[in-house]
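Quick look at structure.pdb (PDB, C-alpha atoms):
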```
ATOM      1  CA  MET A   1      43.717   9.688 -41.657  1.00  0.00           C
ATOM      2  CA  LYS A   2      40.524   9.206 -39.648  1.00  0.00           C
ATOM      3  CA  LYS A   3      38.560  11.303 -42.146  1.00  0.00           C
ATOM      4  CA  LEU A   4      39.852   9.242 -45.070  1.00  0.00           C
ATOM      5  CA  VAL A   5      38.785   6.009 -43.398  1.00  0.00           C
ATOM      6  CA  MET A   6      35.309   7.432 -42.683  1.00  0.00           C
ATOM      7  CA  ILE A   7      34.962   8.621 -46.292  1.00  0.00           C
ATOM      8  CA  ALA A   8      36.057   5.229 -47.613  1.00  0.00           C
ATOM      9  CA  VAL A   9      33.585   3.400 -45.368  1.00  0.00           C
ATOM     10  CA  THR A  10      30.755   5.751 -46.387  1.00  0.00           C
ATOM     11  CA  LEU A  11      31.509   5.392 -50.089  1.00  0.00           C
ATOM     12  CA  SER A  12      31.721   1.612 -49.892  1.00  0.00           C
ATOM     13  CA  THR A  13      28.409   1.514 -48.029  1.00  0.00           C
ATOM     14  CA  LEU A  14      26.698   3.774 -50.544  1.00  0.00           C
ATOM     15  CA  ALA A  15      28.178   1.954 -53.542  1.00  0.00           C
ATOM     16  CA  GLY A  16      25.430  -0.672 -53.364  1.00  0.00           C
ATOM     17  CA  CYS A  17      22.640   1.937 -53.165  1.00  0.00           C
ATOM     18  CA  THR A  18      20.624   2.709 -56.259  1.00  0.00           C
ATOM     19  CA  THR A  19      17.563   4.799 -56.900  1.00  0.00           C
ATOM     20  CA  GLN A  20      14.241   3.504 -58.126  1.00  0.00           C
ATOM     21  CA  ALA A  21      14.881   5.097 -61.524  1.00  0.00           C
ATOM     22  CA  ASP A  22      18.267   3.333 -61.808  1.00  0.00           C
ATOM     23  CA  ARG A  23      16.740  -0.033 -60.968  1.00  0.00           C
ATOM     24  CA  MET A  24      13.895   0.506 -63.475  1.00  0.00           C
ATOM     25  CA  ALA A  25      16.384   1.494 -66.202  1.00  0.00           C
ATOM     26  CA  LYS A  26      18.556  -1.601 -65.564  1.00  0.00           C
ATOM     27  CA  CYS A  27      15.483  -3.835 -65.603  1.00  0.00           C
ATOM     28  CA  GLU A  28      14.231  -2.368 -68.908  1.00  0.00           C
ATOM     29  CA  ALA A  29      17.764  -2.570 -70.382  1.00  0.00           C
ATOM     30  CA  GLN A  30      17.583  -6.344 -69.922  1.00  0.00           C
ATOM     31  CA  GLY A  31      14.600  -6.434 -72.272  1.00  0.00           C
ATOM     32  CA  ILE A  32      11.926  -6.814 -69.595  1.00  0.00           C
ATOM     33  CA  SER A  33       8.686  -4.879 -70.104  1.00  0.00           C
ATOM     34  CA  ARG A  34       8.157  -1.654 -68.182  1.00  0.00           C
ATOM     35  CA  ASP A  35       5.033  -3.080 -66.460  1.00  0.00           C
ATOM     36  CA  THR A  36       6.941  -6.107 -65.190  1.00  0.00           C
ATOM     37  CA  CYS A  37       9.821  -3.923 -63.967  1.00  0.00           C
ATOM     38  CA  TYR A  38       7.331  -1.633 -62.203  1.00  0.00           C
ATOM     39  CA  LEU A  39       5.651  -4.614 -60.540  1.00  0.00           C
ATOM     40  CA  ALA A  40       9.027  -5.974 -59.407  1.00  0.00           C
ATOM     41  CA  GLU A  41       9.920  -2.546 -57.981  1.00  0.00           C
ATOM     42  CA  GLN A  42       6.606  -2.362 -56.098  1.00  0.00           C
ATOM     43  CA  ASN A  43       7.200  -5.852 -54.665  1.00  0.00           C
ATOM     44  CA  ARG A  44      10.696  -4.812 -53.595  1.00  0.00           C
ATOM     45  CA  THR A  45       9.345  -1.704 -51.865  1.00  0.00           C
ATOM     46  CA  ALA A  46       6.633  -3.732 -50.103  1.00  0.00           C
ATOM     47  CA  ALA A  47       9.233  -6.261 -48.909  1.00  0.00           C
ATOM     48  CA  VAL A  48      11.464  -3.491 -47.524  1.00  0.00           C
ATOM     49  CA  ASN A  49       8.491  -1.892 -45.742  1.00  0.00           C
ATOM     50  CA  ALA A  50       7.370  -5.250 -44.318  1.00  0.00           C
ATOM     51  CA  ALA A  51      10.876  -5.927 -42.999  1.00  0.00           C
ATOM     52  CA  ALA A  52      10.989  -2.478 -41.385  1.00  0.00           C
ATOM     53  CA  GLU A  53       7.553  -2.989 -39.820  1.00  0.00           C
ATOM     54  CA  LYS A  54       8.560  -6.419 -38.497  1.00  0.00           C
ATOM     55  CA  GLN A  55      11.711  -4.939 -36.957  1.00  0.00           C
ATOM     56  CA  ALA A  56       9.702  -2.109 -35.388  1.00  0.00           C
ATOM     57  CA  MET A  57       7.295  -4.628 -33.845  1.00  0.00           C
ATOM     58  CA  GLU A  58      10.192  -6.667 -32.469  1.00  0.00           C
ATOM     59  CA  ASN A  59      11.755  -3.506 -31.016  1.00  0.00           C
ATOM     60  CA  ALA A  60       8.438  -2.557 -29.386  1.00  0.00           C
ATOM     61  CA  ALA A  61       8.045  -6.049 -27.917  1.00  0.00           C
ATOM     62  CA  ALA A  62      11.594  -5.893 -26.565  1.00  0.00           C
ATOM     63  CA  ALA A  63      10.884  -2.477 -25.025  1.00  0.00           C
ATOM     64  CA  VAL A  64       7.765  -3.823 -23.306  1.00  0.00           C
ATOM     65  CA  GLN A  65       9.717  -6.834 -22.043  1.00  0.00           C
ATOM     66  CA  HIS A  66      12.433  -4.532 -20.697  1.00  0.00           C
ATOM     67  CA  ALA A  67       9.849  -2.284 -19.019  1.00  0.00           C
ATOM     68  CA  GLN A  68       8.241  -5.297 -17.335  1.00  0.00           C
ATOM     69  CA  GLU A  69      11.615  -6.478 -16.048  1.00  0.00           C
ATOM     70  CA  ALA A  70      12.424  -3.007 -14.695  1.00  0.00           C
ATOM     71  CA  LYS A  71       9.261  -2.784 -12.548  1.00  0.00           C
ATOM     72  CA  VAL A  72       9.309  -0.753  -9.388  1.00  0.00           C
ATOM     73  CA  HIS A  73       9.152  -2.761  -6.175  1.00  0.00           C
ATOM     74  CA  ASP A  74       5.515  -3.479  -5.369  1.00  0.00           C
ATOM     75  CA  PRO A  75       4.768  -2.919  -1.677  1.00  0.00           C
ATOM     76  CA  LEU A  76       1.340  -4.547  -1.980  1.00  0.00           C
ATOM     77  CA  ARG A  77       1.175  -7.874  -0.216  1.00  0.00           C
ATOM     78  CA  GLU A  78      -1.133  -9.761   2.089  1.00  0.00           C
ATOM     79  CA  ALA A  79      -2.118  -7.934   5.257  1.00  0.00           C
ATOM     80  CA  SER A  80      -4.629  -8.125   8.088  1.00  0.00           C
ATOM     81  CA  PHE A  81      -6.117  -5.267  10.086  1.00  0.00           C
ATOM     82  CA  SER A  82      -7.720  -5.431  13.497  1.00  0.00           C
ATOM     83  CA  SER A  83      -9.351  -3.259  16.131  1.00  0.00           C
ATOM     84  CA  ASN A  84     -12.097  -3.663  18.728  1.00  0.00           C
ATOM     85  CA  GLU A  85     -14.687  -2.934  16.031  1.00  0.00           C
ATOM     86  CA  LEU A  86     -13.512  -4.987  13.093  1.00  0.00           C
ATOM     87  CA  ASN A  87     -11.166  -7.523  11.532  1.00  0.00           C
ATOM     88  CA  ALA A  88     -10.206  -7.195   7.877  1.00  0.00           C
ATOM     89  CA  THR A  89      -7.900  -8.939   5.439  1.00  0.00           C
ATOM     90  CA  LEU A  90      -6.352  -7.812   2.196  1.00  0.00           C
ATOM     91  CA  SER A  91      -4.662 -10.128  -0.294  1.00  0.00           C
ATOM     92  CA  ASN A  92      -3.870 -10.897  -3.925  1.00  0.00           C
ATOM     93  CA  GLY A  93      -1.976  -7.673  -4.546  1.00  0.00           C
ATOM     94  CA  PHE A  94      -4.771  -5.577  -3.018  1.00  0.00           C
ATOM     95  CA  PHE A  95      -7.434  -7.034  -5.303  1.00  0.00           C
ATOM     96  CA  SER A  96      -9.467  -9.001  -2.761  1.00  0.00           C
ATOM     97  CA  ALA A  97     -10.508  -8.074   0.752  1.00  0.00           C
ATOM     98  CA  THR A  98     -12.838  -9.052   3.569  1.00  0.00           C
ATOM     99  CA  VAL A  99     -14.294  -7.010   6.429  1.00  0.00           C
ATOM    100  CA  ASN A 100     -15.562  -8.987   9.433  1.00  0.00           C
ATOM    101  CA  GLY A 101     -15.589 -12.137   7.304  1.00  0.00           C
ATOM    102  CA  LYS A 102     -17.636 -10.678   4.421  1.00  0.00           C
ATOM    103  CA  LYS A 103     -16.310  -9.861   0.962  1.00  0.00           C
ATOM    104  CA  ALA A 104     -15.378  -6.202   0.427  1.00  0.00           C
ATOM    105  CA  THR A 105     -14.282  -4.039  -2.504  1.00  0.00           C
ATOM    106  CA  VAL A 106     -10.875  -2.428  -2.863  1.00  0.00           C
ATOM    107  CA  LYS A 107     -10.560   1.022  -4.419  1.00  0.00           C
ATOM    108  CA  ARG A 108      -7.209   2.475  -5.469  1.00  0.00           C
ATOM    109  CA  LEU A 109      -7.206   6.254  -5.105  1.00  0.00           C
ATOM    110  CA  ASN A 110      -3.541   6.698  -6.081  1.00  0.00           C
ATOM    111  CA  ALA A 111      -0.267   4.787  -5.851  1.00  0.00           C
ATOM    112  CA  ASN A 112      -0.001   5.418  -2.101  1.00  0.00           C
ATOM    113  CA  PHE A 113      -3.596   5.275  -0.919  1.00  0.00           C
ATOM    114  CA  TYR A 114      -6.290   2.563  -1.004  1.00  0.00           C
ATOM    115  CA  GLU A 115      -9.746   2.189   0.496  1.00  0.00           C
ATOM    116  CA  ILE A 116     -11.671  -0.959   1.396  1.00  0.00           C
ATOM    117  CA  HIS A 117     -15.468  -0.666   1.409  1.00  0.00           C
ATOM    118  CA  GLY A 118     -17.582  -3.390   2.960  1.00  0.00           C
ATOM    119  CA  ASN A 119     -19.884  -4.516   5.762  1.00  0.00           C
ATOM    120  CA  GLY A 120     -20.685  -0.909   6.759  1.00  0.00           C
ATOM    121  CA  PHE A 121     -17.036   0.180   7.076  1.00  0.00           C
ATOM    122  CA  VAL A 122     -14.538   2.186   5.049  1.00  0.00           C
ATOM    123  CA  ILE A 123     -10.895   1.298   5.716  1.00  0.00           C
ATOM    124  CA  SER A 124      -8.221   3.767   4.550  1.00  0.00           C
ATOM    125  CA  ILE A 125      -4.710   2.444   3.873  1.00  0.00           C
ATOM    126  CA  SER A 126      -1.554   4.502   3.287  1.00  0.00           C
ATOM    127  CA  LEU A 127       1.528   2.992   1.621  1.00  0.00           C
ATOM    128  CA  ASP A 128       5.145   3.789   0.930  1.00  0.00           C
ATOM    129  CA  GLU A 129       7.861   1.811  -0.878  1.00  0.00           C
ATOM    130  CA  ASN A 130       8.198  -0.589   2.078  1.00  0.00           C
ATOM    131  CA  GLY A 131       4.513  -1.422   2.464  1.00  0.00           C
ATOM    132  CA  ILE A 132       1.594  -0.250   4.580  1.00  0.00           C
ATOM    133  CA  THR A 133       2.432   2.687   6.839  1.00  0.00           C
ATOM    134  CA  ASP A 134      -0.969   3.505   8.315  1.00  0.00           C
ATOM    135  CA  ALA A 135      -4.555   2.205   8.390  1.00  0.00           C
ATOM    136  CA  SER A 136      -7.756   3.593   9.879  1.00  0.00           C
ATOM    137  CA  TRP A 137     -11.487   2.863   9.718  1.00  0.00           C
ATOM    138  CA  ASN A 138     -14.709   4.836   9.556  1.00  0.00           C
ATOM    139  CA  LYS A 139     -18.288   3.663   9.736  1.00  0.00           C
ATOM    140  CA  ALA A 140     -20.017   4.143   6.375  1.00  0.00           C
ATOM    141  CA  LYS A 141     -22.871   5.874   8.259  1.00  0.00           C
ATOM    142  CA  GLY A 142     -22.193   7.806  11.398  1.00  0.00           C
ATOM    143  CA  ARG A 143     -19.094   9.306  12.943  1.00  0.00           C
ATOM    144  CA  GLU A 144     -17.438   6.283  14.516  1.00  0.00           C
ATOM    145  CA  HIS A 145     -13.795   5.860  13.539  1.00  0.00           C
ATOM    146  CA  GLY A 146     -10.487   4.529  14.800  1.00  0.00           C
ATOM    147  CA  LEU A 147      -7.016   3.267  14.024  1.00  0.00           C
ATOM    148  CA  LEU A 148      -6.200  -0.280  12.931  1.00  0.00           C
ATOM    149  CA  GLN A 149      -3.432  -2.602  14.029  1.00  0.00           C
ATOM    150  CA  VAL A 150      -1.659  -3.760  10.820  1.00  0.00           C
ATOM    151  CA  THR A 151      -0.035  -7.180  10.354  1.00  0.00           C
ATOM    152  CA  GLN A 152       1.734  -7.470   7.023  1.00  0.00           C
ATOM    153  CA  LYS A 153       2.975 -10.772   5.602  1.00  0.00           C
TER     154      LYS A 153
END
```
Produce structure tokens that represent the structure in this file.
Amino acid sequence: MKKLVMIAVTLSTLAGCTTQADRMAKCEAQGISRDTCYLAEQNRTAAVNAAAEKQAMENAAAAVQHAQEAKVHDPLREASFSSNELNATLSNGFFSATVNGKKATVKRLNANFYEIHGNGFVISISLDENGITDASWNKAKGREHGLLQVTQK
């Protein structure tokens, strides 16, 4: 019984389908010139292709929207670092930083490791899914280094 229903549904769906040759023959049988029928067929094909392209673009936009909604938790937030040698801040999703009150540059090495370069220091920051786990500093020239106290907001 199930097979009969599937066959009936398939046949009824395909009943409206015609080939390009069938459509051309029906058009010419109505007394319309072959050139006009060909032009109408080309317009029909272009309309079908345009509709398919429009649907593909809508599907792609929906996929991008879904991907943006399904973002992974971002552990990057405002933080300050301090030690006897320096005070640094990091904000705006790790895009802006200061070292001892002067503007510094932020460099992303991978998803779990960042560096801040500025005012003669290099600050290394390690992250996990909950935020900053560790921070240390090195002098850009020389061998001085140390750990940083992290305050995350």
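The spacing separating atom CA of A:Val99 from atom CA of A:Asp134 amounts to 17.1 Å.
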Non-local contacts of stretch 111-118 of chain A (9 Å; all atoms listed in the file; under 6 positions in same chain excluded) as a PDB file with C-alpha atoms, in the frame of the given file:
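What follows is the written file result-v4.pdb:
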```pdb
ATOM      1  CA  LEU A  90      -6.352  -7.812   2.196  1.00  0.00           C
ATOM      2  CA  PHE A  94      -4.771  -5.577  -3.018  1.00  0.00           C
ATOM      3  CA  ALA A  97     -10.508  -8.074   0.752  1.00  0.00           C
ATOM      4  CA  THR A  98     -12.838  -9.052   3.569  1.00  0.00           C
ATOM      5  CA  VAL A  99     -14.294  -7.010   6.429  1.00  0.00           C
ATOM      6  CA  ASN A 100     -15.562  -8.987   9.433  1.00  0.00           C
ATOM      7  CA  LYS A 102     -17.636 -10.678   4.421  1.00  0.00           C
ATOM      8  CA  LYS A 103     -16.310  -9.861   0.962  1.00  0.00           C
ATOM      9  CA  ALA A 104     -15.378  -6.202   0.427  1.00  0.00           C
ATOM     10  CA  THR A 105     -14.282  -4.039  -2.504  1.00  0.00           C
ATOM     11  CA  SER A 124      -8.221   3.767   4.550  1.00  0.00           C
ATOM     12  CA  ILE A 125      -4.710   2.444   3.873  1.00  0.00           C
ATOM     13  CA  SER A 126      -1.554   4.502   3.287  1.00  0.00           C
ATOM     14  CA  LEU A 127       1.528   2.992   1.621  1.00  0.00           C
ATOM     15  CA  ASP A 128       5.145   3.789   0.930  1.00  0.00           C
ATOM     16  CA  GLU A 129       7.861   1.811  -0.878  1.00  0.00           C
ATOM     17  CA  ILE A 132       1.594  -0.250   4.580  1.00  0.00           C
ATOM     18  CA  ALA A 140     -20.017   4.143   6.375  1.00  0.00           C
TER      19      ALA A 140
END
```
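The two atoms in question, atom CA of A:Gly120 and atom CA of A:Lys139, are spaced 6.0 Å apart.
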State, in Å with one decimal place, the distance from atom CA of A:Lys141 to atom CA of A:Phe95. 24.3 Å
Take the PyMOL selection byres ((chain A and resi 78) around 12), apply it to the structure above, and return the hits as a PDB file with C-alpha atoms, keeping the file's coordinate frame.
```pdb
ATOM      1  CA  ASP A  74       5.515  -3.479  -5.369  1.00  0.00           C
ATOM      2  CA  PRO A  75       4.768  -2.919  -1.677  1.00  0.00           C
ATOM      3  CA  LEU A  76       1.340  -4.547  -1.980  1.00  0.00           C
ATOM      4  CA  ARG A  77       1.175  -7.874  -0.216  1.00  0.00           C
ATOM      5  CA  ALA A  79      -2.118  -7.934   5.257  1.00  0.00           C
ATOM      6  CA  SER A  80      -4.629  -8.125   8.088  1.00  0.00           C
ATOM      7  CA  PHE A  81      -6.117  -5.267  10.086  1.00  0.00           C
ATOM      8  CA  ALA A  88     -10.206  -7.195   7.877  1.00  0.00           C
ATOM      9  CA  THR A  89      -7.900  -8.939   5.439  1.00  0.00           C
ATOM     10  CA  LEU A  90      -6.352  -7.812   2.196  1.00  0.00           C
ATOM     11  CA  SER A  91      -4.662 -10.128  -0.294  1.00  0.00           C
ATOM     12  CA  ASN A  92      -3.870 -10.897  -3.925  1.00  0.00           C
ATOM     13  CA  GLY A  93      -1.976  -7.673  -4.546  1.00  0.00           C
ATOM     14  CA  PHE A  94      -4.771  -5.577  -3.018  1.00  0.00           C
ATOM     15  CA  PHE A  95      -7.434  -7.034  -5.303  1.00  0.00           C
ATOM     16  CA  SER A  96      -9.467  -9.001  -2.761  1.00  0.00           C
ATOM     17  CA  ALA A  97     -10.508  -8.074   0.752  1.00  0.00           C
ATOM     18  CA  THR A  98     -12.838  -9.052   3.569  1.00  0.00           C
ATOM     19  CA  GLY A 131       4.513  -1.422   2.464  1.00  0.00           C
ATOM     20  CA  ILE A 132       1.594  -0.250   4.580  1.00  0.00           C
ATOM     21  CA  VAL A 150      -1.659  -3.760  10.820  1.00  0.00           C
ATOM     22  CA  THR A 151      -0.035  -7.180  10.354  1.00  0.00           C
ATOM     23  CA  GLN A 152       1.734  -7.470   7.023  1.00  0.00           C
ATOM     24  CA  LYS A 153       2.975 -10.772   5.602  1.00  0.00           C
TER      25      LYS A 153
END
```
What's around A:Asn84 at 12 Å? Count only C-alpha atoms, leave out sequence neighbours fewer than 5 positions away in its own chain, and write the answer as a PyMOL selection string. chain A and resi 100+137+145-149
Cut-off 12 Å around (14.8, 3.8, -60.2) with all atoms listed in the file: residues as a PyMOL selection string: chain A and resi 17-28+34+37-38+40-42+44-45
